[in-house]
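*Asks:* To be precise about what I am sending: the file is called start.txt and holds compact mmCIF, C-alpha atoms.
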```txt
# COMPACT_ATOMS: atom_id res chain seq x y z
CA MET R 1 -12.05 6.74 -17.95
CA ASP R 2 -11.36 3.20 -16.78
CA ASN R 3 -11.98 0.05 -18.84
CA SER R 4 -12.21 1.82 -22.19
CA ALA R 5 -11.21 -0.07 -25.31
CA ASN R 6 -9.62 3.06 -26.73
CA THR R 7 -7.39 3.98 -23.81
CA ARG R 8 -3.65 4.37 -24.19
CA PHE R 9 -2.61 2.65 -20.96
CA THR R 10 -3.38 -0.77 -19.52
CA LEU R 11 -2.75 -1.33 -15.80
CA TYR R 12 -2.28 -4.86 -14.53
CA TYR R 13 -3.01 -4.63 -10.83
CA PHE R 14 -4.70 -6.12 -7.77
CA PRO R 15 -6.91 -3.88 -5.59
CA VAL R 16 -5.39 -4.93 -2.26
CA SER R 17 -1.79 -4.76 -3.47
CA PHE R 18 0.15 -2.03 -1.68
CA CYS R 19 2.03 -0.92 -4.80
CA SER R 20 -0.99 -1.21 -7.08
CA GLN R 21 -2.75 1.31 -4.85
CA LYS R 22 0.08 3.80 -5.30
CA VAL R 23 -0.08 3.59 -9.08
CA LEU R 24 -3.89 3.82 -9.10
CA ILE R 25 -3.75 7.05 -7.10
CA ALA R 26 -1.10 8.47 -9.43
CA LEU R 27 -3.13 7.68 -12.54
CA LYS R 28 -6.21 9.27 -11.04
CA GLU R 29 -4.24 12.34 -10.00
CA LYS R 30 -2.99 12.74 -13.59
CA HIS R 31 -6.54 12.32 -14.94
CA ALA R 32 -5.29 9.42 -17.06
CA GLU R 33 -7.52 7.26 -19.20
CA PHE R 34 -6.55 3.65 -18.63
CA GLU R 35 -7.88 0.14 -18.83
CA LYS R 36 -7.69 -1.93 -15.66
CA ARG R 37 -6.79 -5.62 -15.80
CA ASN R 38 -7.24 -7.36 -12.46
CA VAL R 39 -4.54 -9.99 -11.87
CA ASP R 40 -6.06 -12.13 -9.13
CA LEU R 41 -3.29 -12.76 -6.64
CA PHE R 42 -5.64 -14.76 -4.44
CA GLU R 43 -5.83 -17.27 -7.31
CA LEU R 44 -2.07 -16.97 -8.02
CA GLU R 45 -2.81 -15.54 -11.47
CA GLN R 46 0.46 -13.60 -11.34
CA MET R 47 2.24 -16.95 -11.74
CA GLU R 48 0.47 -17.90 -14.95
CA PRO R 49 2.77 -18.10 -18.00
CA TRP R 50 0.90 -15.36 -19.90
CA TYR R 51 1.60 -12.91 -17.08
CA MET R 52 5.16 -14.06 -16.38
CA ARG R 53 5.89 -13.26 -20.02
CA ILE R 54 4.72 -9.70 -19.37
CA ASN R 55 6.62 -9.41 -16.10
CA PRO R 56 9.11 -12.23 -15.38
CA ARG R 57 9.12 -11.20 -11.72
CA GLY R 58 5.46 -12.17 -11.44
CA GLU R 59 4.57 -8.95 -9.63
CA VAL R 60 1.92 -6.29 -9.79
CA PRO R 61 1.50 -3.58 -10.85
CA VAL R 62 2.56 -3.43 -14.49
CA LEU R 63 1.75 -0.59 -16.87
CA LYS R 64 1.59 -1.10 -20.64
CA ASP R 65 1.81 1.90 -22.95
CA GLY R 66 1.52 0.40 -26.40
CA GLU R 67 4.51 -1.95 -26.64
CA LYS R 68 6.23 -0.28 -23.68
CA ILE R 69 6.07 -2.20 -20.38
CA VAL R 70 6.93 -0.57 -17.05
CA CYS R 71 7.00 -2.79 -13.97
CA ASP R 72 8.15 -1.18 -10.73
CA SER R 73 5.59 1.08 -9.01
CA LYS R 74 8.12 3.90 -8.56
CA ASP R 75 9.14 3.68 -12.22
CA ILE R 76 5.49 3.62 -13.30
CA ILE R 77 4.70 6.80 -11.36
CA ASP R 78 7.78 8.50 -12.81
CA TYR R 79 6.78 7.37 -16.29
CA ILE R 80 3.19 8.58 -16.23
CA ASP R 81 4.21 11.86 -14.60
CA ASN R 82 6.52 12.52 -17.55
CA LYS R 83 4.24 11.17 -20.26
CA ILE R 84 0.91 12.67 -19.14
CA HIS R 85 1.15 16.44 -19.36
CA THR R 86 -1.16 18.17 -16.90
CA ASP R 87 -0.88 20.98 -14.38
CA ILE R 88 -0.30 18.35 -11.70
CA ARG R 89 3.32 17.40 -11.10
CA LEU R 90 3.77 14.38 -8.86
CA VAL R 91 7.55 14.12 -9.22
CA PRO R 92 9.07 17.61 -9.27
CA GLY R 93 12.64 18.06 -10.45
CA THR R 94 15.35 17.82 -7.84
CA GLU R 95 16.82 21.18 -8.85
CA SER R 96 14.35 22.75 -6.40
CA GLU R 97 14.32 22.26 -2.63
CA TYR R 98 10.74 21.06 -2.90
CA GLY R 99 11.79 18.42 -5.44
CA LYS R 100 14.64 17.29 -3.21
CA GLN R 101 12.25 16.85 -0.29
CA VAL R 102 9.82 14.83 -2.41
CA ALA R 103 12.67 12.58 -3.56
CA LYS R 104 13.91 12.16 0.00
CA PHE R 105 10.57 11.05 1.42
CA ARG R 106 9.74 8.90 -1.60
CA LYS R 107 12.93 6.95 -0.97
CA LEU R 108 12.29 6.76 2.75
CA LEU R 109 8.79 5.39 2.25
CA TYR R 110 9.73 3.19 -0.73
CA ASP R 111 12.33 1.41 1.38
CA CYS R 112 9.78 0.94 4.16
CA LEU R 113 9.11 -2.79 4.64
CA SER R 114 5.33 -2.75 4.56
CA GLU R 115 5.19 -6.52 4.20
CA VAL R 116 6.99 -6.86 7.53
CA LEU R 117 4.35 -4.63 9.05
CA THR R 118 1.55 -6.66 7.47
CA ILE R 119 2.77 -10.24 7.68
CA GLY R 120 4.71 -9.59 10.87
CA THR R 121 1.41 -8.92 12.62
CA ILE R 122 0.19 -12.33 11.46
CA PHE R 123 3.18 -14.34 12.61
CA HIS R 124 3.96 -12.34 15.74
CA PRO R 125 0.78 -10.78 17.18
CA ASP R 126 2.52 -10.44 20.56
CA LEU R 127 4.61 -7.63 19.04
CA MET R 128 1.46 -5.56 18.56
CA PRO R 129 -0.34 -3.52 21.25
CA GLU R 130 -3.01 -5.59 22.99
CA ASN R 131 -5.77 -3.25 21.83
CA SER R 132 -4.74 -3.84 18.21
CA ARG R 133 -4.64 -7.63 18.17
CA GLY R 134 -7.38 -9.22 16.13
CA ALA R 135 -8.42 -5.88 14.61
CA SER R 136 -6.94 -6.45 11.17
CA ALA R 137 -9.04 -6.67 8.02
CA LEU R 138 -6.15 -8.65 6.50
CA ARG R 139 -6.79 -11.56 8.81
CA ILE R 140 -5.25 -15.00 8.40
CA GLU R 141 -3.63 -17.44 10.83
CA ALA R 142 0.14 -17.86 10.64
CA HIS R 143 -0.05 -21.60 9.89
CA GLU R 144 -2.58 -21.00 7.10
CA PHE R 145 -0.44 -18.29 5.56
CA LYS R 146 2.62 -20.53 5.69
CA GLU R 147 0.71 -23.38 4.04
CA ARG R 148 -0.47 -21.11 1.25
CA LEU R 149 3.01 -19.78 0.62
CA LEU R 150 4.48 -23.28 0.57
CA CYS R 151 1.72 -24.29 -1.85
CA SER R 152 2.61 -21.37 -4.12
CA MET R 153 6.27 -22.39 -4.10
CA LYS R 154 5.29 -25.94 -5.06
CA LYS R 155 3.25 -24.54 -7.92
CA LEU R 156 6.23 -22.46 -9.03
CA SER R 157 8.40 -25.59 -9.20
CA THR R 158 5.77 -27.37 -11.29
CA LEU R 159 5.43 -24.40 -13.63
CA ALA R 160 9.22 -24.25 -14.00
CA GLU R 161 9.22 -27.85 -15.22
CA ASN R 162 6.30 -27.30 -17.60
CA HIS R 163 7.56 -24.04 -19.12
CA PRO R 164 11.31 -24.29 -19.86
CA ASP R 165 11.42 -20.78 -21.33
CA LEU R 166 10.29 -19.39 -17.95
CA ARG R 167 12.20 -21.84 -15.77
CA GLU R 168 14.71 -19.34 -14.39
CA ALA R 169 11.99 -16.77 -13.67
CA TYR R 170 9.88 -19.31 -11.76
CA LEU R 171 12.80 -20.67 -9.75
CA THR R 172 13.93 -17.14 -8.88
CA LYS R 173 10.47 -16.28 -7.65
CA ALA R 174 10.32 -19.46 -5.55
CA ARG R 175 13.67 -18.57 -3.97
CA ILE R 176 12.52 -15.03 -3.17
CA ASN R 177 9.30 -16.31 -1.58
CA SER R 178 11.30 -18.77 0.51
CA GLU R 179 13.61 -15.99 1.73
CA LYS R 180 10.63 -13.82 2.64
CA LEU R 181 9.00 -16.61 4.60
CA GLU R 182 12.23 -17.16 6.51
CA MET R 183 12.51 -13.44 7.24
CA ILE R 184 8.92 -13.08 8.41
CA GLN R 185 9.17 -16.10 10.73
CA ASN R 186 12.21 -14.56 12.44
CA LYS R 187 10.75 -12.62 15.36
CA GLU R 188 13.91 -10.58 15.96
CA THR R 189 13.99 -9.45 12.34
CA VAL R 190 10.35 -8.39 12.45
CA GLN R 191 10.88 -6.59 15.75
CA SER R 192 13.90 -4.75 14.37
CA ASN R 193 11.97 -3.63 11.29
CA LEU R 194 9.04 -2.45 13.36
CA LYS R 195 11.43 -0.32 15.41
CA GLU R 196 12.79 1.09 12.16
CA LEU R 197 9.24 1.90 11.08
CA ASP R 198 8.71 3.63 14.40
CA SER R 199 11.70 5.88 13.72
CA ILE R 200 10.30 6.64 10.25
CA PHE R 201 7.09 7.87 11.84
CA ASP R 202 9.20 10.10 14.10
CA MET R 203 10.71 11.65 10.97
CA LEU R 204 7.28 12.04 9.39
CA GLU R 205 5.96 13.78 12.49
CA ASP R 206 8.91 16.20 12.49
CA GLN R 207 8.45 16.94 8.79
CA LEU R 208 4.71 17.55 9.11
CA GLN R 209 5.25 19.82 12.09
CA LYS R 210 7.85 21.73 10.08
CA MET R 211 5.41 22.10 7.17
CA GLU R 212 2.73 23.42 9.52
CA THR R 213 5.14 26.04 10.85
CA GLU R 214 6.81 27.05 7.58
CA VAL R 215 3.99 26.59 5.05
CA CYS R 216 0.50 26.21 6.47
CA ASN R 217 -1.67 23.87 8.49
CA ASP R 218 -3.12 22.28 5.35
CA SER R 219 0.27 21.47 3.85
CA TRP R 220 1.02 18.05 2.44
CA LEU R 221 4.21 16.17 3.29
CA CYS R 222 6.61 18.41 1.36
CA GLY R 223 4.57 21.50 0.55
CA LEU R 224 1.24 22.78 -0.68
CA GLU R 225 1.00 20.31 -3.58
CA PHE R 226 0.06 16.63 -3.31
CA SER R 227 3.10 14.73 -4.59
CA ALA R 228 4.40 11.20 -5.17
CA ALA R 229 5.70 11.28 -1.60
CA ASP R 230 2.15 11.86 -0.38
CA ILE R 231 0.93 8.91 -2.44
CA SER R 232 3.39 6.64 -0.65
CA LEU R 233 2.44 7.96 2.77
CA ALA R 234 -1.30 7.84 2.09
CA VAL R 235 -1.10 4.18 1.08
CA LEU R 236 1.07 3.33 4.09
CA LEU R 237 -1.39 4.96 6.48
CA GLY R 238 -4.22 3.21 4.67
CA ARG R 239 -2.51 -0.11 5.31
CA VAL R 240 -2.10 0.79 9.00
CA TRP R 241 -5.83 1.56 9.08
CA LEU R 242 -6.76 -1.75 7.46
CA LEU R 243 -4.55 -3.54 9.97
CA GLY R 244 -6.26 -1.76 12.86
CA LEU R 245 -2.95 -0.33 14.09
CA GLU R 246 -3.88 3.35 14.35
CA SER R 247 -3.16 3.41 18.09
CA MET R 248 0.35 2.12 17.41
CA PHE R 249 1.39 4.28 14.48
CA PHE R 250 -0.44 7.55 14.81
CA PRO R 251 -1.74 8.12 18.33
CA HIS R 252 -2.47 11.75 19.16
CA GLU R 253 -0.14 11.74 22.17
CA LYS R 254 2.90 10.68 20.14
CA TRP R 255 2.32 11.80 16.53
CA PRO R 256 -0.51 14.35 16.40
CA HIS R 257 0.59 15.73 13.03
CA VAL R 258 0.59 12.27 11.46
CA GLN R 259 -2.90 11.73 12.79
CA ALA R 260 -4.04 15.07 11.41
CA TYR R 261 -2.43 14.17 8.06
CA TRP R 262 -4.41 10.92 7.99
CA LYS R 263 -7.60 12.94 8.36
CA ARG R 264 -6.56 15.02 5.34
CA VAL R 265 -5.94 11.83 3.37
CA GLN R 266 -9.51 10.81 4.14
CA GLN R 267 -10.62 14.07 2.53
CA HIS R 268 -8.41 13.50 -0.54
CA LYS R 269 -10.83 11.85 -2.98
CA ASN R 270 -8.43 9.87 -5.15
CA SER R 271 -6.47 8.46 -2.21
CA TRP R 272 -9.52 7.63 -0.14
CA ASP R 273 -11.35 6.04 -3.06
CA VAL R 274 -8.42 3.70 -3.75
CA ILE R 275 -7.96 2.79 -0.07
CA CYS R 276 -11.67 2.09 0.33
CA SER R 277 -11.75 0.09 -2.88
CA ALA R 278 -9.24 -2.30 -1.32
CA ARG R 279 -11.47 -2.64 1.71
CA ASP R 280 -14.56 -3.10 -0.45
CA PHE R 281 -12.78 -5.78 -2.46
CA MET R 282 -12.25 -7.80 0.69
CA LEU R 283 -15.84 -7.25 1.73
CA LYS R 284 -17.06 -8.56 -1.60
CA HIS R 285 -14.82 -11.60 -1.87
CA TYR R 286 -14.74 -12.93 1.67
CA GLU R 287 -17.84 -14.49 3.11
CA SER R 288 -16.17 -14.60 6.51
CA ILE R 289 -16.69 -10.84 6.85
CA PRO R 290 -20.17 -10.72 8.39
CA SER R 291 -21.26 -7.21 7.51
CA LYS R 292 -20.05 -4.04 5.83
CA ASP R 293 -20.89 -2.12 8.99
CA SER R 294 -18.05 -3.85 10.84
CA ILE R 295 -15.38 -2.19 8.70
CA PRO R 296 -14.97 1.59 8.50
CA SER R 297 -17.09 2.84 5.64
CA LYS R 298 -16.10 5.30 2.95
CA ASP R 299 -18.63 7.70 4.43
CA SER R 300 -16.86 7.51 7.81
CA ARG R 301 -14.20 9.96 6.62
CA PRO R 302 -14.40 13.28 8.47
CA SER R 303 -16.23 16.23 6.96
CA LYS R 304 -14.23 19.13 5.60
CA ASP R 305 -15.13 21.15 8.67
CA SER R 306 -13.62 18.50 10.92
CA ILE R 307 -10.10 18.79 9.49
CA PRO R 308 -7.98 20.37 12.24
CA SER R 309 -7.12 24.01 11.79
CA LYS R 310 -3.86 25.52 12.92
CA ASP R 311 -5.47 26.56 16.19
CA SER R 312 -7.35 23.32 16.63
CA ARG R 313 -5.24 20.20 16.55
CA PRO R 314 -6.90 16.80 16.94
CA SER R 315 -7.96 15.97 20.48
CA LYS R 316 -7.30 12.62 22.05
CA ASP R 317 -10.97 11.83 21.66
CA SER R 318 -10.67 12.13 17.87
CA ILE R 319 -8.55 8.96 17.60
CA PRO R 320 -10.59 6.26 15.80
CA SER R 321 -12.17 3.98 18.37
CA LYS R 322 -11.61 0.24 18.55
CA ASP R 323 -15.12 -0.29 17.23
CA SER R 324 -14.32 1.70 14.08
CA ARG R 325 -11.52 -0.65 13.07
CA PRO R 326 -11.82 -3.37 10.45
CA SER R 327 -13.55 -6.59 11.46
CA LYS R 328 -11.24 -9.24 12.84
CA ASP R 329 -13.05 -11.76 10.67
CA GLY R 330 -11.71 -10.26 7.45
CA ARG R 331 -9.03 -12.36 5.77
CA CYS R 332 -6.20 -12.00 3.34
CA CYS R 333 -4.61 -15.01 1.76
CA CYS R 334 -1.38 -14.05 0.06
CA LEU R 335 1.84 -12.18 0.55
CA ALA R 336 1.41 -10.27 -2.67
CA CYS R 337 -1.51 -8.14 -1.58
CA CYS R 338 0.31 -7.17 1.58
CA SER R 339 3.65 -6.33 0.08
CA GLY R 340 5.21 -2.93 -0.22
CA ASN R 341 7.76 -3.68 -2.91
CA ASN R 342 5.69 -5.10 -5.75
CA SER R 343 6.07 -8.65 -4.49
CA ALA R 344 3.62 -11.31 -5.43
```
Any chance you could give the structure as structure tokens?
*Replies:*
Amino acid sequence: MDNSANTRFTLYYFPVSFCSQKVLIALKEKHAEFEKRNVDLFELEQMEPWYMRINPRGEVPVLKDGEKIVCDSKDIIDYIDNKIHTDIRLVPGTESEYGKQVAKFRKLLYDCLSEVLTIGTIFHPDLMPENSRGASALRIEAHEFKERLLCSMKKLSTLAENHPDLREAYLTKARINSEKLEMIQNKETVQSNLKELDSIFDMLEDQLQKMETEVCNDSWLCGLEFSAADISLAVLLGRVWLLGLESMFFPHEKWPHVQAYWKRVQQHKNSWDVICSARDFMLKHYESIPSKDSIPSKDSRPSKDSIPSKDSRPSKDSIPSKDSRPSKDGRCCCLACCSGNNSA
């Protein structure tokens, strides 16, 4: 039960944060009782001294278990999987082939530069397919994003002067943000990373096809059980959906099994609830989004009967239409909520 005064865990998170979403899904899968503490990245709350003293990297998510603090999303998922004893095992031991596969795809997807995917589409829209441009719910102009990031770095310098005990942490964060801005503005770097992401989707398609052949049509990424690897993939596909890039990253013609997997994710309650909560957060907090109808609704997920069977793979017509994508008027205002490696 969330927000209970008697819960063991406290999760510091932000609904739109890529890594926060992964931890939220994991906690829900483990039926954990936890208190949620929203760290508003839009207001740069992750830079406040009280939070930097919890996590000197100024990143979300963070999990507190009593006096124990766990920061990295991968470490948090490992921690709760070991500490919360249920029939559900998100991180199986690597002594089994199944466990080795989960570890392999967790690493593959953990290393995936989701912030290049997200912010790269802001700075370099010409790298995206024409039918995807302007479809993102995480909408912000490149010059505005740059101004906001420069503003955050200025604030970090001021905070470093005002809080000597956190000076090194603030200056380190400012340096990291500067390096990220430089990377994102480099078109060749973004293009190279997008090509790498394309090859990752090739691997995902091969793996899902293998699972269909060797296990069953309703298999998850590594087997019959929903694992930590599936959490990573579900959140990645959710980000693609919010960016309006379905036609680029899981078209039926190129990756039919990835597309079919995405439909299964939409049927997976915990994953879909978390993904839609991120969308709903933007709807609530941004007046520039004209209506809820312009962004895919939670109820737009396919019915159970519409999930492709082994003899009925998705048709080309089942690809989400342009009109079903997020409104181009939606906006996102900080690198943190777009990041894939706990950045803030």
*Asks:* Name the residues, using the chain letters and numbers of the file, that sit within 12 Å of (6.2, -8.9, -9.4) when counting all atoms listed in the file, and give them as a PyMOL selection string.
*Replies:* chain R and resi 12-14+17-20+39+41+44-47+51-62+70-73+169-170+172-174+176-177+335-337+339-344
*Asks:* Just to confirm, what's the straight-line distance from CA of Glu246 in chain R to CA of Asp280 in chain R in Å (one decimal)?
*Replies:* 19.4 Å
*Asks:* Can you find the residues with an atom no farther than 12 Å from (12.6, 20.2, -2.2), counting all atoms listed in the file, and report them as a short mmCIF file (atom, residue, chain, number, x, y, z; two decimals) with C-alpha atoms, in the frame of the given file?
*Replies:*
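selection31.cif, freshly written:
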```
data_model
loop_
_atom_site.label_atom_id
_atom_site.label_comp_id
_atom_site.auth_asym_id
_atom_site.auth_seq_id
_atom_site.Cartn_x
_atom_site.Cartn_y
_atom_site.Cartn_z
CA VAL R 91 7.55 14.12 -9.22
CA PRO R 92 9.07 17.61 -9.27
CA GLY R 93 12.64 18.06 -10.45
CA THR R 94 15.35 17.82 -7.84
CA GLU R 95 16.82 21.18 -8.85
CA SER R 96 14.35 22.75 -6.40
CA GLU R 97 14.32 22.26 -2.63
CA TYR R 98 10.74 21.06 -2.90
CA GLY R 99 11.79 18.42 -5.44
CA LYS R 100 14.64 17.29 -3.21
CA GLN R 101 12.25 16.85 -0.29
CA VAL R 102 9.82 14.83 -2.41
CA ALA R 103 12.67 12.58 -3.56
CA LYS R 104 13.91 12.16 0.00
CA PHE R 105 10.57 11.05 1.42
CA ARG R 106 9.74 8.90 -1.60
CA MET R 211 5.41 22.10 7.17
CA LEU R 221 4.21 16.17 3.29
CA CYS R 222 6.61 18.41 1.36
CA GLY R 223 4.57 21.50 0.55
CA LEU R 224 1.24 22.78 -0.68
CA GLU R 225 1.00 20.31 -3.58
CA SER R 227 3.10 14.73 -4.59
CA ALA R 229 5.70 11.28 -1.60
#
```
*Asks:* How many Å lie between CA of Thr10 in chain R and CA of His85 in chain R, rounded to one decimal?
*Replies:*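 Interatomic distance, CA of Thr10 in chain R to CA of His85 in chain R: 17.8 Å.
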*Asks:* Give me the residues within 12 Å of Glu29 in chain R as a list in words, counting all atoms listed in the file and dropping any in the same chain fewer than 5 places off.
*Replies:*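 Using all atoms listed in the file, the neighbours found are Lys22, Val23, Leu24, Ile77, Ile80, Asp81, Ile84, His85, Thr86, Asp87, Ile88, Arg89, Leu90, Val91, Glu225, Phe226, Ser227, Ala228, Asp230, Ile231, His268, Lys269, Asn270, Ser271, Asp273 and Val274 of chain R.
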*Asks:* Which is closest to Ser232 in chain R among R:Ser157, R:Ser219, R:Asn193, R:Gln21, if we use only C-alpha atoms?
*Replies:*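 Under the stated criterion, the closest residue is R:Gln21.
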*Asks:* Just to confirm, what's the straight-line distance from CA of His252 in chain R to CA of Met203 in chain R in Å (one decimal)?
*Replies:* 15.5 Å
*Asks:* For range 265-284 of chain R, I'd like the enclosing box, axis-aligned and padded by 4 Å on every side, reported as AutoDock Vina command-line options with centre and edge lengths in Å to one decimal.
*Replies:*
```
--center_x -11.5 --center_y 2.8 --center_z -0.5 --size_x 19.1 --size_y 30.6 --size_z 17.3
```
*Asks:* Go through R:Leu171, R:Ile119, R:Ala26, R:Glu43 and flag the residue nearest Asp75 in chain R, using all atoms listed in the file for the distances.
*Replies:*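 Closest residue, counting all atoms listed in the file: R:Ala26.
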*Asks:* Choose the residue, out of R:Met248, R:Ile25, R:Val16, R:Ile275, that has the smallest atom-to-atom separation from Asp198 in chain R; count only C-alpha atoms.
*Replies:*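 Closest to Asp198 in chain R, using only C-alpha atoms: R:Met248.
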*Asks:* Measuring atom to atom with all atoms listed in the file, identify which of R:Glu115, R:Glu161, R:Glu196, R:Glu212 is nearest to Leu243 in chain R.
*Replies:*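 Residue with the minimum atom-to-atom distance to Leu243 in chain R: R:Glu115.
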